[in-house]
file final27.tsv (TSV, C-alpha atoms and all ligand atoms)
chain	number	residue	atom	x	y	z
M	1	MET	CA	-28.90	34.43	-46.67
M	2	PHE	CA	-28.00	30.74	-46.82
M	3	GLN	CA	-25.08	29.75	-44.58
M	4	TYR	CA	-23.56	26.36	-43.97
M	5	PRO	CA	-24.54	25.23	-40.45
M	6	THR	CA	-21.89	24.03	-38.02
M	7	LEU	CA	-22.06	20.23	-38.06
M	8	SER	CA	-19.85	17.37	-36.85
M	9	ARG	CA	-19.99	15.89	-40.39
M	10	PRO	CA	-20.10	17.37	-43.89
M	11	PHE	CA	-23.30	19.02	-45.11
M	12	ILE	CA	-24.91	16.56	-47.55
M	13	TRP	CA	-26.03	17.82	-50.95
M	14	ALA	CA	-27.88	15.23	-53.03
M	15	HIS	CA	-26.10	15.63	-56.38
M	16	ARG	CA	-28.80	16.01	-59.07
M	17	GLY	CA	-31.07	14.47	-56.41
M	18	SER	CA	-30.55	10.82	-55.48
M	19	SER	CA	-29.10	10.32	-58.95
M	20	ALA	CA	-27.50	6.93	-58.22
M	21	LEU	CA	-30.99	5.50	-57.66
M	22	LEU	CA	-33.32	7.45	-59.98
M	23	PRO	CA	-33.01	9.54	-63.15
M	24	GLU	CA	-30.83	12.57	-62.38
M	25	ASN	CA	-32.50	15.96	-61.89
M	26	SER	CA	-36.01	14.42	-61.76
M	27	LEU	CA	-38.64	15.27	-59.15
M	28	ALA	CA	-38.53	11.59	-58.13
M	29	ALA	CA	-34.79	11.86	-57.44
M	30	PHE	CA	-35.38	15.03	-55.40
M	31	HIS	CA	-38.19	13.41	-53.35
M	32	ARG	CA	-35.99	10.40	-52.67
M	33	ALA	CA	-33.09	12.60	-51.51
M	34	ILE	CA	-35.35	14.37	-49.02
M	35	ARG	CA	-36.72	11.04	-47.77
M	36	ASP	CA	-33.17	9.70	-47.35
M	37	GLY	CA	-32.08	12.61	-45.20
M	38	ALA	CA	-30.06	14.89	-47.49
M	39	ASP	CA	-29.49	18.35	-46.02
M	40	GLY	CA	-30.03	19.86	-49.44
M	41	ILE	CA	-30.60	19.22	-53.13
M	42	GLU	CA	-28.21	20.24	-55.89
M	43	CYS	CA	-29.63	20.70	-59.38
M	44	ASP	CA	-28.58	22.23	-62.69
M	45	LEU	CA	-30.47	25.02	-64.44
M	46	GLN	CA	-30.95	25.80	-68.14
M	47	LEU	CA	-33.26	28.09	-70.12
M	48	THR	CA	-35.71	26.99	-72.81
M	49	ARG	CA	-36.27	29.05	-75.96
M	50	ASP	CA	-39.20	30.82	-74.27
M	51	LYS	CA	-37.07	31.44	-71.12
M	52	GLU	CA	-38.62	28.85	-68.81
M	53	VAL	CA	-36.07	27.78	-66.15
M	54	VAL	CA	-35.73	24.01	-66.39
M	55	ILE	CA	-33.66	21.48	-64.45
M	56	LEU	CA	-31.27	19.72	-66.78
M	57	HIS	CA	-27.51	19.17	-66.59
M	58	ASP	CA	-26.48	19.20	-70.25
M	59	GLU	CA	-27.20	21.93	-72.77
M	60	THR	CA	-28.45	19.15	-75.05
M	61	LEU	CA	-31.28	16.70	-74.42
M	62	GLU	CA	-30.02	13.36	-75.74
M	63	ARG	CA	-28.11	11.97	-72.75
M	64	THR	CA	-30.97	12.21	-70.23
M	65	THR	CA	-34.19	12.50	-72.26
M	66	GLN	CA	-35.85	10.82	-75.22
M	67	ALA	CA	-35.48	13.99	-77.33
M	68	GLN	CA	-32.52	15.60	-79.08
M	69	GLY	CA	-30.99	18.99	-79.68
M	70	LEU	CA	-30.27	22.09	-77.63
M	71	VAL	CA	-32.65	22.78	-74.74
M	72	SER	CA	-32.38	26.48	-75.69
M	73	GLU	CA	-34.14	25.66	-78.98
M	74	TRP	CA	-37.15	23.95	-77.36
M	75	LEU	CA	-40.30	25.66	-76.13
M	76	TRP	CA	-41.46	24.59	-72.67
M	77	ALA	CA	-44.83	23.55	-74.15
M	78	GLU	CA	-42.94	21.03	-76.34
M	79	LEU	CA	-40.38	19.94	-73.75
M	80	GLN	CA	-42.85	19.22	-70.97
M	81	SER	CA	-44.15	16.05	-72.62
M	82	VAL	CA	-40.69	14.56	-73.37
M	83	PRO	CA	-39.98	11.46	-71.22
M	84	LEU	CA	-36.73	11.12	-69.29
M	85	LYS	CA	-34.46	8.19	-70.04
M	86	GLY	CA	-34.57	5.51	-67.37
M	87	ASP	CA	-38.23	6.12	-66.44
M	88	PRO	CA	-40.60	7.26	-69.21
M	89	THR	CA	-43.18	8.36	-66.63
M	90	LEU	CA	-40.81	11.17	-65.54
M	91	ARG	CA	-40.38	14.57	-67.23
M	92	VAL	CA	-37.86	17.43	-67.20
M	93	PRO	CA	-38.92	19.52	-64.18
M	94	ARG	CA	-39.10	23.30	-64.05
M	95	LEU	CA	-37.33	25.12	-61.24
M	96	ALA	CA	-40.79	26.24	-60.10
M	97	ASP	CA	-41.76	22.56	-59.57
M	98	LEU	CA	-38.78	22.00	-57.26
M	99	LEU	CA	-39.31	25.25	-55.34
M	100	ALA	CA	-42.94	24.27	-54.74
M	101	MET	CA	-42.06	20.82	-53.33
M	102	ALA	CA	-38.91	21.43	-51.25
M	103	ALA	CA	-40.25	22.31	-47.81
M	104	PRO	CA	-38.00	23.56	-44.98
M	105	PRO	CA	-35.41	22.69	-43.83
M	106	THR	CA	-34.16	21.27	-47.17
M	107	ALA	CA	-31.62	23.62	-48.73
M	108	LEU	CA	-31.27	24.15	-52.48
M	109	ASN	CA	-28.04	24.53	-54.43
M	110	LEU	CA	-29.09	25.93	-57.79
M	111	GLU	CA	-26.27	25.56	-60.28
M	112	ILE	CA	-26.42	28.14	-63.07
M	113	LYS	CA	-25.36	26.28	-66.22
M	114	ASP	CA	-26.42	28.79	-68.88
M	115	PRO	CA	-24.12	31.84	-69.15
M	116	SER	CA	-27.00	34.23	-69.93
M	117	PRO	CA	-27.68	36.85	-67.20
M	118	LEU	CA	-31.36	36.32	-67.97
M	119	LEU	CA	-31.17	32.95	-66.22
M	120	VAL	CA	-29.86	34.66	-63.07
M	121	ASP	CA	-32.62	37.28	-63.29
M	122	ARG	CA	-35.31	34.60	-63.57
M	123	VAL	CA	-33.85	32.52	-60.72
M	124	LEU	CA	-33.53	35.50	-58.36
M	125	GLU	CA	-37.09	36.51	-59.17
M	126	MET	CA	-38.38	33.03	-58.29
M	127	VAL	CA	-36.30	32.76	-55.12
M	128	ARG	CA	-37.80	36.11	-54.06
M	129	ASP	CA	-41.36	35.11	-54.98
M	130	TYR	CA	-41.10	31.84	-53.02
M	131	GLY	CA	-39.36	33.56	-50.08
M	132	LEU	CA	-36.44	31.10	-50.21
M	133	GLY	CA	-33.45	33.42	-49.74
M	134	ASP	CA	-32.34	31.65	-46.52
M	135	ARG	CA	-32.29	28.20	-48.11
M	136	VAL	CA	-30.81	28.90	-51.55
M	137	LEU	CA	-27.17	28.81	-52.59
M	138	LEU	CA	-26.41	29.77	-56.20
M	139	SER	CA	-23.30	28.28	-57.77
M	140	SER	CA	-21.69	28.35	-61.19
M	141	PHE	CA	-18.58	27.57	-63.18
M	142	HIS	CA	-19.38	30.89	-64.92
M	143	HIS	CA	-18.08	33.24	-62.24
M	144	PRO	CA	-19.39	36.39	-63.97
M	145	GLN	CA	-22.86	34.94	-63.34
M	146	LEU	CA	-22.17	34.98	-59.59
M	147	HIS	CA	-20.78	38.50	-59.78
M	148	TYR	CA	-23.92	39.54	-61.63
M	149	ALA	CA	-26.20	37.79	-59.10
M	150	LEU	CA	-24.53	39.66	-56.22
M	151	ALA	CA	-24.97	42.95	-58.07
M	152	GLN	CA	-28.71	42.24	-58.37
M	153	ASP	CA	-29.12	40.91	-54.82
M	154	PRO	CA	-26.26	41.35	-52.32
M	155	ASP	CA	-28.12	39.05	-49.89
M	156	ILE	CA	-28.00	35.97	-52.11
M	157	ALA	CA	-25.43	33.30	-51.12
M	158	VAL	CA	-23.09	32.24	-53.93
M	159	ALA	CA	-20.42	29.58	-54.37
M	160	ALA	CA	-17.77	29.53	-57.10
M	161	LEU	CA	-17.26	26.20	-58.84
M	162	TYR	CA	-13.96	25.11	-60.34
M	163	SER	CA	-12.43	21.97	-61.76
M	164	ALA	CA	-8.63	22.25	-61.78
M	165	ARG	CA	-5.69	22.26	-59.40
M	166	LEU	CA	-5.36	25.99	-58.77
M	167	LEU	CA	-2.29	27.78	-57.44
M	168	ASP	CA	-4.45	30.05	-55.29
M	169	PRO	CA	-8.10	28.97	-54.82
M	170	ALA	CA	-8.64	31.66	-52.18
M	171	ALA	CA	-7.94	34.28	-54.87
M	172	VAL	CA	-10.86	32.87	-56.87
M	173	ALA	CA	-13.16	33.36	-53.88
M	174	ARG	CA	-11.92	36.94	-53.44
M	175	SER	CA	-12.50	37.70	-57.12
M	176	VAL	CA	-16.26	36.92	-57.00
M	177	PRO	CA	-16.31	37.77	-54.01
M	178	CYS	CA	-17.61	34.81	-51.98
M	179	SER	CA	-16.66	32.66	-49.01
M	180	ILE	CA	-17.77	29.31	-50.44
M	181	LEU	CA	-15.90	27.28	-53.07
M	182	HIS	CA	-17.16	24.03	-54.60
M	183	MET	CA	-14.41	21.92	-56.15
M	184	ASP	CA	-13.69	18.64	-57.90
M	185	ARG	CA	-12.44	15.83	-55.64
M	186	GLU	CA	-9.96	14.80	-58.30
M	187	TYR	CA	-8.05	18.10	-58.08
M	188	THR	CA	-8.40	18.77	-54.36
M	189	PRO	CA	-5.71	17.46	-52.00
M	190	ALA	CA	-6.17	17.73	-48.23
M	191	GLU	CA	-3.66	20.60	-48.06
M	192	ASP	CA	-5.89	22.82	-50.21
M	193	LEU	CA	-8.83	22.23	-47.85
M	194	LEU	CA	-6.65	23.11	-44.87
M	195	LYS	CA	-5.41	26.33	-46.48
M	196	LEU	CA	-8.95	27.37	-47.41
M	197	ARG	CA	-10.23	26.66	-43.94
M	198	ALA	CA	-7.47	28.92	-42.54
M	199	CYS	CA	-8.86	31.66	-44.84
M	200	HIS	CA	-12.41	31.02	-43.48
M	201	ILE	CA	-13.57	29.72	-46.84
M	202	HIS	CA	-16.11	26.88	-46.84
M	203	THR	CA	-15.43	23.96	-49.17
M	204	GLY	CA	-17.81	21.62	-50.98
M	205	ILE	CA	-16.45	18.56	-52.79
M	206	TYR	CA	-18.17	17.16	-55.88
M	207	GLY	CA	-17.09	14.24	-58.07
M	208	ILE	CA	-17.71	11.86	-55.16
M	209	HIS	CA	-18.74	8.56	-56.71
M	210	SER	CA	-18.30	6.08	-53.87
M	211	TYR	CA	-18.41	5.70	-50.12
M	212	SER	CA	-14.60	5.77	-49.92
M	213	HIS	CA	-14.51	9.12	-51.78
M	214	TYR	CA	-17.02	10.44	-49.25
M	215	GLU	CA	-15.05	9.13	-46.30
M	216	ARG	CA	-11.84	10.82	-47.49
M	217	ALA	CA	-13.60	14.17	-47.97
M	218	ARG	CA	-15.06	13.86	-44.46
M	219	ARG	CA	-11.66	13.06	-42.92
M	220	ASN	CA	-10.08	15.98	-44.79
M	221	GLY	CA	-12.55	18.38	-43.25
M	222	ALA	CA	-14.72	19.39	-46.22
M	223	THR	CA	-17.64	21.60	-45.20
M	224	ALA	CA	-19.95	19.91	-47.69
M	225	VAL	CA	-20.08	16.98	-50.09
M	226	PHE	CA	-22.15	16.23	-53.18
M	227	LEU	CA	-23.39	12.63	-53.08
M	228	ASP	CA	-25.20	10.73	-55.83
M	229	ASP	CA	-26.78	8.79	-52.96
M	230	PRO	CA	-27.16	10.60	-49.60
M	231	LEU	CA	-27.34	7.21	-47.85
M	232	TRP	CA	-23.55	6.86	-48.33
M	233	ALA	CA	-23.23	9.35	-45.47
M	234	VAL	CA	-25.22	7.24	-43.03
M	235	GLN	CA	-23.44	3.89	-43.59
M	301	LIG	O1	-22.40	21.65	-58.19
M	301	LIG	C1	-21.52	20.57	-58.07
M	301	LIG	C2	-21.49	19.74	-59.32
M	301	LIG	O2	-22.81	19.47	-59.70
M	301	LIG	C3	-20.74	20.41	-60.45
M	301	LIG	O3	-20.56	19.58	-61.55
M	301	LIG	O4	-21.09	18.74	-63.79
M	301	LIG	O5	-22.14	17.68	-61.80
M	301	LIG	O6	-22.85	19.94	-62.53
M	301	LIG	P1	-21.71	18.97	-62.46
M	302	MG	MG	-24.27	20.38	-60.97
call {"tool": "encode", "arguments": {"input": "final27.tsv", "output": "structure tokens", "more": "lines below"}}
Ligand code: G3P
Ligand code: MG
result
Amino acid sequence: MFQYPTLSRPFIWAHRGSSALLPENSLAAFHRAIRDGADGIECDLQLTRDKEVVILHDETLERTTQAQGLVSEWLWAELQSVPLKGDPTLRVPRLADLLAMAAPPTALNLEIKDPSPLLVDRVLEMVRDYGLGDRVLLSSFHHPQLHYALAQDPDIAVAALYSARLLDPAAVARSVPCSILHMDREYTPAEDLLKLRACHIHTGIYGIHSYSHYERARRNGATAVFLDDPLWAVQ
């Protein structure tokens, strides 16, 4: 099971790969993140019409690719030749492409975007086939997806995502149940991180868009951060 290591700095997830430098969620952005020393890669997962697991943030294609419409209405055979915006030589990757390239010790935070349990089934199957259980952390804003993943495989590590100022974040962790929460910088004051640490809950901060955001999260004792450029952590 994946566990955050004990470090003297936050664990660095490359958010959608090195997405400040290269098209987000592309294999090029993932390669760059590994080269630049990220501890792990975060990426977003969707399902095509024929149930291929693909790496794409939005449920629609227009923001990041040169095609349009819902990814769930495209067949993989059609989608695989669609260029990404920003670099027409790049394509939407499949999860299988990332799993094949990310050698140890790079960790993988696979964010389940689609609410269908079938996506969880497919991801767990691939994590098993590639023998990646120790390096994979599943996360989702859809907490029933995490609950379902744990029911299928109690040894998979999961993190609950949220984007709000909550009265009791620890209660969210207990409800899954999990001991890792990933939360939006905008809604996370230092006192929440302190309280969660006292409850032995690990914290990962996303929505970090500059070096100063990173520095504040580090000072406040976040376990992990999501950086659009991992090099911010080595300045
Ligand atoms: O997993 C952290 C972060 O990626 C969650 O937000 O919208 O960037 O997927 P989003
Ligand atoms: Mg994400």
call {"tool": "residues_near_ligand", "arguments": {"input": "final27.tsv", "ligand": "ligand LIG 301 (chain M)", "cutoff": "9 Å", "atoms": "only C-alpha atoms and all ligand atoms", "output": "PyMOL selection string"}}
result
chain M and resi 13+15-16+42-44+57-58+109-113+139-141+161-163+182-184+204-207+225-226
call {"tool": "closest_residue", "arguments": {"input": "final27.tsv", "among": "M:Thr223, M:Gly37, M:Leu90, M:Phe2", "to": "Ser18 in chain M", "atoms": "all atoms listed in the file"}}
result
M:Gly37
call {"tool": "atom_distance", "arguments": {"input": "final27.tsv", "atom1": "CA of Ala233 in chain M", "atom2": "CA of His202 in chain M"}}
result
19.0 Å
call {"tool": "closest_residue", "arguments": {"input": "final27.tsv", "among": "M:Lys195, M:Asp114, M:Ile180, M:Pro5", "to": "Pro144 in chain M", "atoms": "all atoms listed in the file"}}
result
M:Asp114
call {"tool": "atom_distance", "arguments": {"input": "final27.tsv", "atom1": "CA of Glu78 in chain M", "atom2": "CA of Arg122 in chain M"}}
result
20.1 Å
call {"tool": "residues_around", "arguments": {"input": "final27.tsv", "residues": "Asp192 in chain M", "least_positions_apart": "2", "cutoff": "10 Å", "atoms": "all atoms listed in the file", "output": "list in words"}}
result
Arg165, Leu166, Leu167, Asp168, Pro169, Ala170, Tyr187, Thr188, Pro189, Ala190, Leu194, Lys195, Leu196, Arg197, Ala198, Thr203 and Asn220 of chain M
call {"tool": "residues_around", "arguments": {"input": "final27.tsv", "residues": "Lys85 in chain M", "least_positions_apart": "6", "cutoff": "10 Å", "atoms": "all atoms listed in the file", "output": "VMD selection string"}}
result
chain M and resid 23 to 24 62 to 67 91
call {"tool": "residues_near_point", "arguments": {"input": "final27.tsv", "point": "(-15.1, 37.7, -52.5)", "cutoff": "12 Å", "atoms": "all atoms listed in the file", "output": "NGL selection string"}}
result
:M and (143 or 146-147 or 150 or 154 or 157-160 or 169-181 or 199-201)
call {"tool": "closest_residue", "arguments": {"input": "final27.tsv", "among": "M:Thr48, M:Ser116, M:Asn25, M:Gln152", "to": "ligand MG 302 (chain M)", "atoms": "all atoms listed in the file"}}
result
M:Asn25
call {"tool": "axis_aligned_box", "arguments": {"input": "final27.tsv", "around": "range 78-88 of chain M", "padding_each_side": "8 Å", "output": "AutoDock Vina command-line options"}}
result
--center_x -39.3 --center_y 13.3 --center_z -71.4 --size_x 25.7 --size_y 31.5 --size_z 25.9
call {"tool": "residues_around", "arguments": {"input": "final27.tsv", "residues": "range 102-106 of chain M", "least_positions_apart": "6", "cutoff": "10 Å", "atoms": "all atoms listed in the file", "output": "list in words"}}
result
Trp13, Phe30, His31, Ala33, Ile34, Gly37, Ala38, Asp39, Gly40, Ile41, Leu132, Asp134, Arg135 and Val136 of chain M
call {"tool": "write_last_selection", "arguments": {"input": "final27.tsv", "atoms": "C-alpha atoms", "output": "mmCIF file, in the coordinates of the input"}}
result
data_model
loop_
_atom_site.group_PDB
_atom_site.id
_atom_site.type_symbol
_atom_site.label_atom_id
_atom_site.label_comp_id
_atom_site.auth_asym_id
_atom_site.auth_seq_id
_atom_site.Cartn_x
_atom_site.Cartn_y
_atom_site.Cartn_z
ATOM 1 C CA TRP M 13 -26.030 17.820 -50.950
ATOM 2 C CA PHE M 30 -35.380 15.030 -55.400
ATOM 3 C CA HIS M 31 -38.190 13.410 -53.350
ATOM 4 C CA ALA M 33 -33.090 12.600 -51.510
ATOM 5 C CA ILE M 34 -35.350 14.370 -49.020
ATOM 6 C CA GLY M 37 -32.080 12.610 -45.200
ATOM 7 C CA ALA M 38 -30.060 14.890 -47.490
ATOM 8 C CA ASP M 39 -29.490 18.350 -46.020
ATOM 9 C CA GLY M 40 -30.030 19.860 -49.440
ATOM 10 C CA ILE M 41 -30.600 19.220 -53.130
ATOM 11 C CA LEU M 132 -36.440 31.100 -50.210
ATOM 12 C CA ASP M 134 -32.340 31.650 -46.520
ATOM 13 C CA ARG M 135 -32.290 28.200 -48.110
ATOM 14 C CA VAL M 136 -30.810 28.900 -51.550
#
call {"tool": "closest_residue", "arguments": {"input": "final27.tsv", "among": "M:Gln46, M:Ser72, M:Thr89, M:Ser8", "to": "Val120 in chain M", "atoms": "all atoms listed in the file"}}
result
M:Gln46
call {"tool": "atom_distance", "arguments": {"input": "final27.tsv", "atom1": "CA of Leu98 in chain M", "atom2": "CA of Pro10 in chain M"}}
result
23.4 Å
call {"tool": "closest_residue", "arguments": {"input": "final27.tsv", "among": "M:Arg128, M:Arg216, M:Arg49, M:Arg94", "to": "Ile156 in chain M", "atoms": "all atoms listed in the file"}}
result
M:Arg128
call {"tool": "closest_residue", "arguments": {"input": "final27.tsv", "among": "M:Leu118, M:Met1, M:Val123, M:Leu56", "to": "ligand MG 302 (chain M)", "atoms": "all atoms listed in the file"}}
result
M:Leu56
